[in-house]
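For reference, entry-v9.pdb (PDB, C-alpha atoms):
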ATOM      1  CA  MET B 122     -13.430 -11.310   2.410
ATOM      2  CA  GLY B 123     -13.395 -14.393   4.612
ATOM      3  CA  GLY B 124     -11.294 -16.285   2.069
ATOM      4  CA  ALA B 125      -8.738 -13.467   1.944
ATOM      5  CA  LEU B 126      -8.552 -13.430   5.737
ATOM      6  CA  ALA B 127      -8.044 -17.192   5.889
ATOM      7  CA  MET B 128      -5.343 -17.005   3.212
ATOM      8  CA  ALA B 129      -3.549 -14.219   5.101
ATOM      9  CA  ILE B 130      -3.595 -16.282   8.297
ATOM     10  CA  VAL B 131      -2.261 -19.378   6.533
ATOM     11  CA  VAL B 132       0.478 -17.418   4.767
ATOM     12  CA  ARG B 133       1.730 -16.070   8.089
ATOM     13  CA  ILE B 134       1.367 -19.190  10.224
ATOM     14  CA  LEU B 135       2.562 -21.865   7.763
ATOM     15  CA  PRO B 136       6.196 -20.610   7.509
ATOM     16  CA  MET B 137       6.415 -20.428  11.298
ATOM     17  CA  LEU B 138       5.165 -23.995  11.665
ATOM     18  CA  VAL B 139       7.681 -25.232   9.088
ATOM     19  CA  ALA B 140      10.488 -23.357  10.839
ATOM     20  CA  VAL B 141       9.557 -24.817  14.235
ATOM     21  CA  CYS B 142       9.520 -28.333  12.770
ATOM     22  CA  VAL B 143      12.934 -27.883  11.146
ATOM     23  CA  ASP B 144      14.771 -26.192  14.025
ATOM     24  CA  ARG B 145      13.598 -26.454  17.636
ATOM     25  CA  ASP B 146      16.557 -24.549  19.083
ATOM     26  CA  TYR B 147      14.693 -21.319  19.802
ATOM     27  CA  SER B 148      17.834 -19.545  21.004
ATOM     28  CA  LEU B 149      18.935 -19.338  17.352
ATOM     29  CA  TYR B 150      15.819 -17.459  16.275
ATOM     30  CA  ASN B 151      17.290 -14.021  15.734
ATOM     31  CA  GLU B 152      17.408 -11.620  12.822
ATOM     32  CA  GLY B 153      17.999 -13.505   9.565
ATOM     33  CA  HIS B 154      17.494 -17.012  10.967
ATOM     34  CA  TYR B 155      14.518 -17.669   8.676
ATOM     35  CA  THR B 156      16.924 -17.424   5.752
ATOM     36  CA  SER B 157      19.035 -20.228   7.207
ATOM     37  CA  ILE B 158      15.965 -22.399   7.759
ATOM     38  CA  ALA B 159      14.792 -21.739   4.190
ATOM     39  CA  TYR B 160      18.223 -22.826   2.934
ATOM     40  CA  GLU B 161      17.944 -26.105   4.878
ATOM     41  CA  VAL B 162      14.442 -26.754   3.519
ATOM     42  CA  GLY B 163      14.685 -25.662  -0.113
ATOM     43  CA  GLY B 164      18.270 -24.709  -0.817
ATOM     44  CA  VAL B 165      19.499 -21.504  -2.413
ATOM     45  CA  MET B 166      16.284 -20.884  -4.351
ATOM     46  CA  LEU B 167      13.993 -20.833  -1.313
ATOM     47  CA  SER B 168      16.520 -18.859   0.707
ATOM     48  CA  SER B 169      16.707 -16.233  -2.043
ATOM     49  CA  LEU B 170      12.912 -16.052  -2.221
ATOM     50  CA  VAL B 171      12.736 -15.437   1.531
ATOM     51  CA  VAL B 172      15.243 -12.589   1.246
ATOM     52  CA  ILE B 173      13.390 -11.065  -1.712
ATOM     53  CA  SER B 174      10.001 -11.349   0.000
ATOM     54  CA  ALA B 175      11.418  -9.726   3.146
ATOM     55  CA  ALA B 176      12.803  -6.830   1.095
ATOM     56  CA  VAL B 177       9.495  -6.391  -0.756
ATOM     57  CA  GLY B 178       7.591  -6.523   2.544
ATOM     58  CA  CYS B 179       9.792  -3.814   4.058
ATOM     59  CA  PHE B 180       9.380  -1.662   0.948
ATOM     60  CA  VAL B 181       5.581  -2.017   0.949
ATOM     61  CA  THR B 182       5.424  -1.256   4.670
ATOM     62  CA  TYR B 183       7.508   1.878   4.196
ATOM     63  CA  VAL B 184       5.390   3.049   1.248
ATOM     64  CA  THR B 185       2.226   2.535   3.305
ATOM     65  CA  TYR B 186       3.735   4.493   6.195
ATOM     66  CA  LEU B 187       4.865   7.238   3.815
ATOM     67  CA  TYR B 188       1.408   7.482   2.265
ATOM     68  CA  SER B 189      -0.492   7.615   5.557
ATOM     69  CA  CYS B 190       1.834  10.198   7.132
ATOM     70  CA  SER B 191       1.880  12.359   3.998
ATOM     71  CA  VAL B 192      -1.907  12.349   3.782
ATOM     72  CA  THR B 193      -2.096  13.328   7.457
ATOM     73  CA  VAL B 194       0.243  16.286   6.940
ATOM     74  CA  TYR B 195      -1.631  17.292   3.785
ATOM     75  CA  THR B 196      -4.977  17.159   5.614
ATOM     76  CA  LEU B 197      -3.656  19.267   8.498
ATOM     77  CA  ALA B 198      -2.389  21.823   6.012
ATOM     78  CA  GLY B 199      -5.782  21.843   4.307
ATOM     79  CA  LYS B 200      -7.423  22.631   7.653
ATOM     80  CA  ASP B 201      -4.964  25.535   8.168
ATOM     81  CA  TYR B 202      -3.081  23.822  10.996
ATOM     82  CA  LEU B 203       0.207  23.814   9.039
ATOM     83  CA  ASP B 204       1.949  26.103   6.596
ATOM     84  CA  SER B 205       0.466  26.560   3.118
ATOM     85  CA  PRO B 206       3.459  25.110   1.152
ATOM     86  CA  PHE B 207       2.388  21.664   2.392
ATOM     87  CA  LEU B 208      -0.670  21.992   0.144
ATOM     88  CA  GLN B 209       1.413  21.871  -3.029
ATOM     89  CA  ALA B 210       0.603  18.805  -5.130
ATOM     90  CA  MET B 211       1.380  17.436  -8.581
ATOM     91  CA  SER B 212      -1.102  18.651 -11.167
ATOM     92  CA  ARG B 213      -1.509  15.291 -12.894
ATOM     93  CA  TYR B 214      -2.112  12.860 -10.005
ATOM     94  CA  ASP B 215      -2.702  15.367  -7.173
ATOM     95  CA  THR B 216       0.264  13.881  -5.287
ATOM     96  CA  PRO B 217       1.328  15.916  -2.207
ATOM     97  CA  TRP B 218       5.023  15.873  -3.117
ATOM     98  CA  VAL B 219       6.094  18.419  -0.480
ATOM     99  CA  CYS B 220       4.557  16.319   2.291
ATOM    100  CA  ILE B 221       6.164  13.164   0.912
ATOM    101  CA  ILE B 222       9.617  14.768   0.827
ATOM    102  CA  CYS B 223       9.269  16.122   4.378
ATOM    103  CA  VAL B 224       8.107  12.774   5.737
ATOM    104  CA  SER B 225      10.947  10.976   3.913
ATOM    105  CA  VAL B 226      13.574  13.322   5.347
ATOM    106  CA  SER B 227      12.181  13.035   8.882
ATOM    107  CA  SER B 228      12.019   9.233   8.669
ATOM    108  CA  PHE B 229      15.652   9.197   7.499
ATOM    109  CA  PHE B 230      16.778  11.081  10.603
ATOM    110  CA  PHE B 231      14.667   8.836  12.835
ATOM    111  CA  GLY B 232      16.436   5.865  11.254
ATOM    112  CA  ILE B 233      19.683   6.998  12.874
ATOM    113  CA  LEU B 234      18.299   6.081  16.302
ATOM    114  CA  SER B 235      18.355   2.565  17.672
ATOM    115  CA  PHE B 236      15.174   0.513  18.021
ATOM    116  CA  GLU B 237      15.144   0.979  21.797
ATOM    117  CA  GLU B 238      15.403   4.750  21.426
ATOM    118  CA  LEU B 239      12.608   4.740  18.839
ATOM    119  CA  VAL B 240      10.351   2.845  21.248
ATOM    120  CA  LYS B 241      11.082   5.366  24.010
ATOM    121  CA  LEU B 242      10.511   8.253  21.629
ATOM    122  CA  SER B 243       7.209   6.820  20.430
ATOM    123  CA  GLY B 244       6.017   6.348  23.998
ATOM    124  CA  SER B 245       7.047   9.879  24.934
ATOM    125  CA  LEU B 246       5.247  11.425  21.962
ATOM    126  CA  TYR B 247       2.141   9.457  22.887
ATOM    127  CA  GLN B 248       2.316  10.777  26.451
ATOM    128  CA  ILE B 249       2.579  14.343  25.134
ATOM    129  CA  CYS B 250      -0.539  13.752  23.033
ATOM    130  CA  ILE B 251      -2.346  12.440  26.115
ATOM    131  CA  LEU B 252      -1.345  15.518  28.139
ATOM    132  CA  MET B 253      -2.581  17.808  25.363
ATOM    133  CA  GLN B 254      -5.910  15.957  25.359
ATOM    134  CA  TYR B 255      -6.209  16.402  29.127
ATOM    135  CA  ALA B 256      -5.497  20.121  28.795
ATOM    136  CA  SER B 257      -8.019  20.454  25.966
ATOM    137  CA  LEU B 258     -10.629  18.637  28.049
ATOM    138  CA  VAL B 259     -10.232  21.055  30.948
ATOM    139  CA  LYS B 260     -10.103  24.112  28.670
ATOM    140  CA  LEU B 261     -13.271  23.142  26.809
ATOM    141  CA  ARG B 262     -15.051  22.351  30.070
ATOM    142  CA  ILE B 263     -14.254  25.887  31.265
ATOM    143  CA  SER B 264     -14.795  27.816  28.009
ATOM    144  CA  LYS B 265     -17.736  25.847  26.565
ATOM    145  CA  PRO B 266     -19.500  24.016  29.395
ATOM    146  CA  LYS B 267     -22.840  23.810  27.525
ATOM    147  CA  HIS B 268     -21.345  22.503  24.269
ATOM    148  CA  LYS B 269     -22.818  19.195  23.086
ATOM    149  CA  ARG B 270     -20.433  16.254  23.473
ATOM    150  CA  PRO B 271     -20.730  12.584  22.474
ATOM    151  CA  ASN B 272     -19.375  11.636  25.914
ATOM    152  CA  LYS B 273     -19.108  13.721  29.052
ATOM    153  CA  ILE B 274     -17.459  13.072  32.421
ATOM    154  CA  PRO B 275     -20.093  13.943  35.073
ATOM    155  CA  LEU B 276     -17.791  16.109  37.200
ATOM    156  CA  SER B 277     -17.371  19.792  37.900
ATOM    157  CA  VAL B 278     -14.210  21.598  36.800
ATOM    158  CA  PRO B 279     -12.369  21.092  40.135
ATOM    159  CA  GLY B 280     -13.473  17.476  40.226
ATOM    160  CA  LEU B 281     -12.317  16.969  36.644
ATOM    161  CA  ILE B 282      -8.897  18.406  37.485
ATOM    162  CA  VAL B 283      -8.581  16.088  40.496
ATOM    163  CA  PHE B 284      -9.729  13.189  38.319
ATOM    164  CA  LEU B 285      -6.957  13.915  35.778
ATOM    165  CA  ILE B 286      -4.134  14.347  38.298
ATOM    166  CA  PRO B 287      -3.162  10.608  38.580
ATOM    167  CA  PRO B 288      -2.899   9.902  34.811
ATOM    168  CA  THR B 289      -1.112  13.235  34.337
ATOM    169  CA  MET B 290       1.483  12.293  36.962
ATOM    170  CA  ILE B 291       2.012   8.927  35.265
ATOM    171  CA  SER B 292       2.550  10.592  31.882
ATOM    172  CA  LEU B 293       4.999  13.099  33.372
ATOM    173  CA  PHE B 294       6.899  10.299  35.096
ATOM    174  CA  ILE B 295       7.283   8.457  31.784
ATOM    175  CA  LEU B 296       8.504  11.621  30.055
ATOM    176  CA  ILE B 297      11.046  12.398  32.774
ATOM    177  CA  SER B 298      12.355   8.824  32.883
ATOM    178  CA  THR B 299      12.794   8.810  29.111
ATOM    179  CA  ALA B 300      14.652  12.136  29.160
ATOM    180  CA  THR B 301      17.041  10.975  31.909
ATOM    181  CA  HIS B 302      17.825   7.538  30.427
ATOM    182  CA  SER B 303      18.184   8.415  26.744
ATOM    183  CA  MET B 304      19.722  11.763  25.845
ATOM    184  CA  SER B 305      19.454  11.307  22.083
ATOM    185  CA  ALA B 306      15.800  10.303  22.275
ATOM    186  CA  SER B 307      15.025  13.277  24.512
ATOM    187  CA  MET B 308      16.774  15.640  22.069
ATOM    188  CA  VAL B 309      14.782  14.257  19.142
ATOM    189  CA  LEU B 310      11.629  14.481  21.249
ATOM    190  CA  PHE B 311      12.301  18.143  22.046
ATOM    191  CA  GLY B 312      13.071  18.861  18.396
ATOM    192  CA  SER B 313       9.858  17.172  17.242
ATOM    193  CA  VAL B 314       7.679  19.119  19.665
ATOM    194  CA  PHE B 315       9.468  22.402  18.942
ATOM    195  CA  SER B 316       9.186  22.004  15.166
ATOM    196  CA  SER B 317       5.500  21.042  15.416
ATOM    197  CA  VAL B 318       4.680  24.095  17.534
ATOM    198  CA  SER B 319       6.710  26.323  15.214
ATOM    199  CA  LEU B 320       4.895  25.025  12.123
ATOM    200  CA  TYR B 321       1.577  25.697  13.810
ATOM    201  CA  TYR B 322       2.291  29.307  14.750
ATOM    202  CA  ILE B 323       4.341  30.249  11.652
ATOM    203  CA  LYS B 324       1.780  29.846   8.903
ATOM    204  CA  GLY B 325       1.978  31.429   5.497
TER     205      GLY B 325
END

Show the structure stored in the file as structure tokens.
Amino acid sequence: MGGALAMAIVVRILPMLVAVCVDRDYSLYNEGHYTSIAYEVGGVMLSSLVVISAAVGCFVTYVTYLYSCSVTVYTLAGKDYLDSPFLQAMSRYDTPWVCIICVSVSSFFFGILSFEELVKLSGSLYQICILMQYASLVKLRISKPKHKRPNKIPLSVPGLIVFLIPPTMISLFILISTATHSMSASMVLFGSVFSSVSLYYIKG
């Protein structure tokens, strides 16, 4: 395990050190500049290997993302949080093909957005998750006050609400600023929340 970790660190740091030694003009370090440095160091062969390795790395990253998201959707469907068609899987390898197709289609539409809009959208979705956790915390404190918890905030219900007001205001401010500065990201955000709520309440 330690040897694999050391090898991973060397594999990532060594190309950067070589690039810094070859070209110290850091203003040129933009997308695709490593290919130019590889061409200066090893010619066409090394430059081609860099391009191929980058393509393989992107493909592996996407497959990993596709797998993790598909398994998440499949697990939610198994716990009856999503519609039953998401439980369909291949008989031979038990592959959740419906989840994989849905995640692939959604990632395709997200790819239309720019990187800046994706960052804003990701931050907004995270803030919505935080607000839902705050609401769940208050609801469970009211409905099940004696329920055993691994961690508990030592406050009454009014005190808990007052305690959650500052972070809630911060989350709302981030959501409002995102909606006013990026219309496309806000539309995708609204569509994501609406579709998620619809899938939860419309179950087969």

query = Skipping near chain neighbours, those fewer than 3 positions away, what residues fall within 12 Å of Cys220 in chain B using all atoms listed in the file, listed as number ranges by chain?
reply = B: 187-199, 203-211, 215-217, 223-227

query = If we count all atoms listed in the file, what is near Val259 in chain B at a cut-off of 8 Å, once residues fewer than 5 positions away on the same chain are taken out, given as an NGL selection string?
reply = :B and (278 or 281-282)

Can you write out the residues you just picked, keeping C-alpha atoms, as a CSV table (one decimal), in the coordinates of the input?
chain,number,residue,atom,x,y,z
B,278,VAL,CA,-14.2,21.6,36.8
B,281,LEU,CA,-12.3,17.0,36.6
B,282,ILE,CA,-8.9,18.4,37.5

Top pick for closest residue to Leu167 in chain B, considering B:Val141, B:Ser292, B:Ala129, B:Tyr155 and counting all atoms listed in the file =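 Checking each candidate against Leu167 in chain B, we get B:Tyr155 as the closest.
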
Edge lengths and centre in Å to one decimal, as JSON, of the axis-aligned box that encloses all listed atoms of range 174-191 of chain B with 8 Å added on every side?
{"center_x": 6.2, "center_y": 0.5, "center_z": 3.2, "size_x": 29.3, "size_y": 39.7, "size_z": 23.9}

request  = Could you check how far CA of Ser245 in chain B sits from CA of Ile295 in chain B, in Å to one decimal?
outcome  =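 About the pair CA of Ser245 in chain B and CA of Ile295 in chain B: they are 7.0 Å apart.
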
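Residues lying within 6 Å of Ser168 in chain B, counting all atoms listed in the file and ignoring same-chain neighbours fewer than 6 positions away, are Thr156, Ala159 and Tyr160 of chain B.
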
For CA of Val181 in chain B and CA of Gly124 in chain B, the interatomic separation in Å (one decimal) = 22.1 Å

request  = For range 228-233 of chain B, list every protein, DNA or RNA residue within 10 Å, evaluated using all atoms listed in the file, and leave out those in the same chain fewer than 5 positions away; present the list as a list in words.
outcome  =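 Within the cut-off, the hits are Tyr183, Tyr186, Leu187, Ile222, Cys223, Glu238, Leu239, Leu242, Ala306 and Val309 of chain B.
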
Write the residues you've just listed into a file as a JSON list (two decimals), in the frame of the given file, and include C-alpha atoms for each of them.
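Final output, saved to part.json:
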[["chain", "number", "residue", "atom", "x", "y", "z"],
["B", 183, "TYR", "CA", 7.51, 1.88, 4.20],
["B", 186, "TYR", "CA", 3.74, 4.49, 6.20],
["B", 187, "LEU", "CA", 4.86, 7.24, 3.82],
["B", 222, "ILE", "CA", 9.62, 14.77, 0.83],
["B", 223, "CYS", "CA", 9.27, 16.12, 4.38],
["B", 238, "GLU", "CA", 15.40, 4.75, 21.43],
["B", 239, "LEU", "CA", 12.61, 4.74, 18.84],
["B", 242, "LEU", "CA", 10.51, 8.25, 21.63],
["B", 306, "ALA", "CA", 15.80, 10.30, 22.28],
["B", 309, "VAL", "CA", 14.78, 14.26, 19.14]]

Computed interatomic separation between CA of Ile130 in chain B and CA of Met166 in chain B (Å) =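 About the pair CA of Ile130 in chain B and CA of Met166 in chain B: they are 24.0 Å apart.
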
inquiry  = For this structure, which residues satisfy the selection - the PyMOL selection byres ((chain B and resi 276) around 12) - when it is evaluated on the file as given? I want them as number ranges by chain.
reply    = B: 258-259, 262-263, 266, 273-275, 277-285

Can you patch up range 168-203 of chain B, filling it in to N, CA and C atoms, and show the result as a short mmCIF file (atom, residue, chain, number, x, y, z; two decimals), in the frame of the given file?
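Written out: part.cif:
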data_model
loop_
_atom_site.label_atom_id
_atom_site.label_comp_id
_atom_site.auth_asym_id
_atom_site.auth_seq_id
_atom_site.Cartn_x
_atom_site.Cartn_y
_atom_site.Cartn_z
N SER B 168 15.88 -19.88 -0.11
CA SER B 168 16.52 -18.86 0.71
C SER B 168 16.50 -17.50 0.01
N SER B 169 16.75 -17.49 -1.29
CA SER B 169 16.71 -16.23 -2.04
C SER B 169 15.30 -15.66 -2.08
N LEU B 170 14.29 -16.52 -2.21
CA LEU B 170 12.91 -16.05 -2.22
C LEU B 170 12.52 -15.43 -0.88
N VAL B 171 13.02 -16.00 0.21
CA VAL B 171 12.74 -15.44 1.53
C VAL B 171 13.35 -14.05 1.66
N VAL B 172 14.59 -13.90 1.18
CA VAL B 172 15.24 -12.59 1.25
C VAL B 172 14.50 -11.57 0.39
N ILE B 173 14.10 -11.98 -0.82
CA ILE B 173 13.39 -11.06 -1.71
C ILE B 173 12.04 -10.67 -1.12
N SER B 174 11.31 -11.65 -0.58
CA SER B 174 10.00 -11.35 0.00
C SER B 174 10.14 -10.43 1.21
N ALA B 175 11.20 -10.62 2.00
CA ALA B 175 11.42 -9.73 3.15
C ALA B 175 11.69 -8.30 2.68
N ALA B 176 12.50 -8.16 1.62
CA ALA B 176 12.80 -6.83 1.10
C ALA B 176 11.54 -6.17 0.54
N VAL B 177 10.73 -6.94 -0.20
CA VAL B 177 9.49 -6.39 -0.76
C VAL B 177 8.53 -6.01 0.37
N GLY B 178 8.46 -6.84 1.41
CA GLY B 178 7.59 -6.52 2.54
C GLY B 178 8.00 -5.24 3.24
N CYS B 179 9.31 -5.06 3.43
CA CYS B 179 9.79 -3.81 4.06
C CYS B 179 9.48 -2.61 3.18
N PHE B 180 9.66 -2.77 1.87
CA PHE B 180 9.38 -1.66 0.95
C PHE B 180 7.90 -1.29 0.97
N VAL B 181 7.02 -2.28 0.94
CA VAL B 181 5.58 -2.02 0.95
C VAL B 181 5.17 -1.37 2.27
N THR B 182 5.74 -1.84 3.37
CA THR B 182 5.42 -1.26 4.67
C THR B 182 5.85 0.21 4.73
N TYR B 183 7.03 0.49 4.19
CA TYR B 183 7.51 1.88 4.20
C TYR B 183 6.65 2.76 3.30
N VAL B 184 6.24 2.26 2.14
CA VAL B 184 5.39 3.05 1.25
C VAL B 184 4.04 3.33 1.91
N THR B 185 3.49 2.34 2.60
CA THR B 185 2.23 2.54 3.30
C THR B 185 2.36 3.59 4.39
N TYR B 186 3.47 3.49 5.15
CA TYR B 186 3.74 4.49 6.20
C TYR B 186 3.91 5.88 5.59
N LEU B 187 4.64 5.96 4.48
CA LEU B 187 4.86 7.24 3.82
C LEU B 187 3.56 7.84 3.32
N TYR B 188 2.70 7.00 2.78
CA TYR B 188 1.41 7.48 2.26
C TYR B 188 0.53 8.00 3.40
N SER B 189 0.40 7.21 4.47
CA SER B 189 -0.49 7.62 5.56
C SER B 189 -0.01 8.90 6.23
N CYS B 190 1.31 8.99 6.48
CA CYS B 190 1.83 10.20 7.13
C CYS B 190 1.72 11.41 6.22
N SER B 191 1.97 11.24 4.93
CA SER B 191 1.88 12.36 4.00
C SER B 191 0.45 12.87 3.88
N VAL B 192 -0.50 11.95 3.84
CA VAL B 192 -1.91 12.35 3.78
C VAL B 192 -2.32 13.09 5.06
N THR B 193 -1.79 12.65 6.20
CA THR B 193 -2.10 13.33 7.46
C THR B 193 -1.58 14.76 7.44
N VAL B 194 -0.33 14.94 7.02
CA VAL B 194 0.24 16.29 6.94
C VAL B 194 -0.53 17.14 5.94
N TYR B 195 -0.88 16.56 4.81
CA TYR B 195 -1.63 17.29 3.78
C TYR B 195 -3.01 17.71 4.30
N THR B 196 -3.67 16.84 5.05
CA THR B 196 -4.98 17.16 5.61
C THR B 196 -4.88 18.27 6.65
N LEU B 197 -3.85 18.21 7.51
CA LEU B 197 -3.66 19.27 8.50
C LEU B 197 -3.39 20.61 7.84
N ALA B 198 -2.62 20.58 6.74
CA ALA B 198 -2.39 21.82 6.01
C ALA B 198 -3.67 22.34 5.37
N GLY B 199 -4.51 21.43 4.89
CA GLY B 199 -5.78 21.84 4.31
C GLY B 199 -6.73 22.45 5.32
N LYS B 200 -6.60 22.06 6.60
CA LYS B 200 -7.42 22.63 7.65
C LYS B 200 -6.76 23.83 8.32
N ASP B 201 -5.66 24.33 7.71
CA ASP B 201 -4.96 25.54 8.17
C ASP B 201 -4.25 25.33 9.51
N TYR B 202 -3.88 24.09 9.81
CA TYR B 202 -3.08 23.82 11.00
C TYR B 202 -1.58 23.87 10.69
N LEU B 203 -1.19 23.77 9.45
CA LEU B 203 0.21 23.81 9.04
C LEU B 203 0.38 24.86 7.95
#
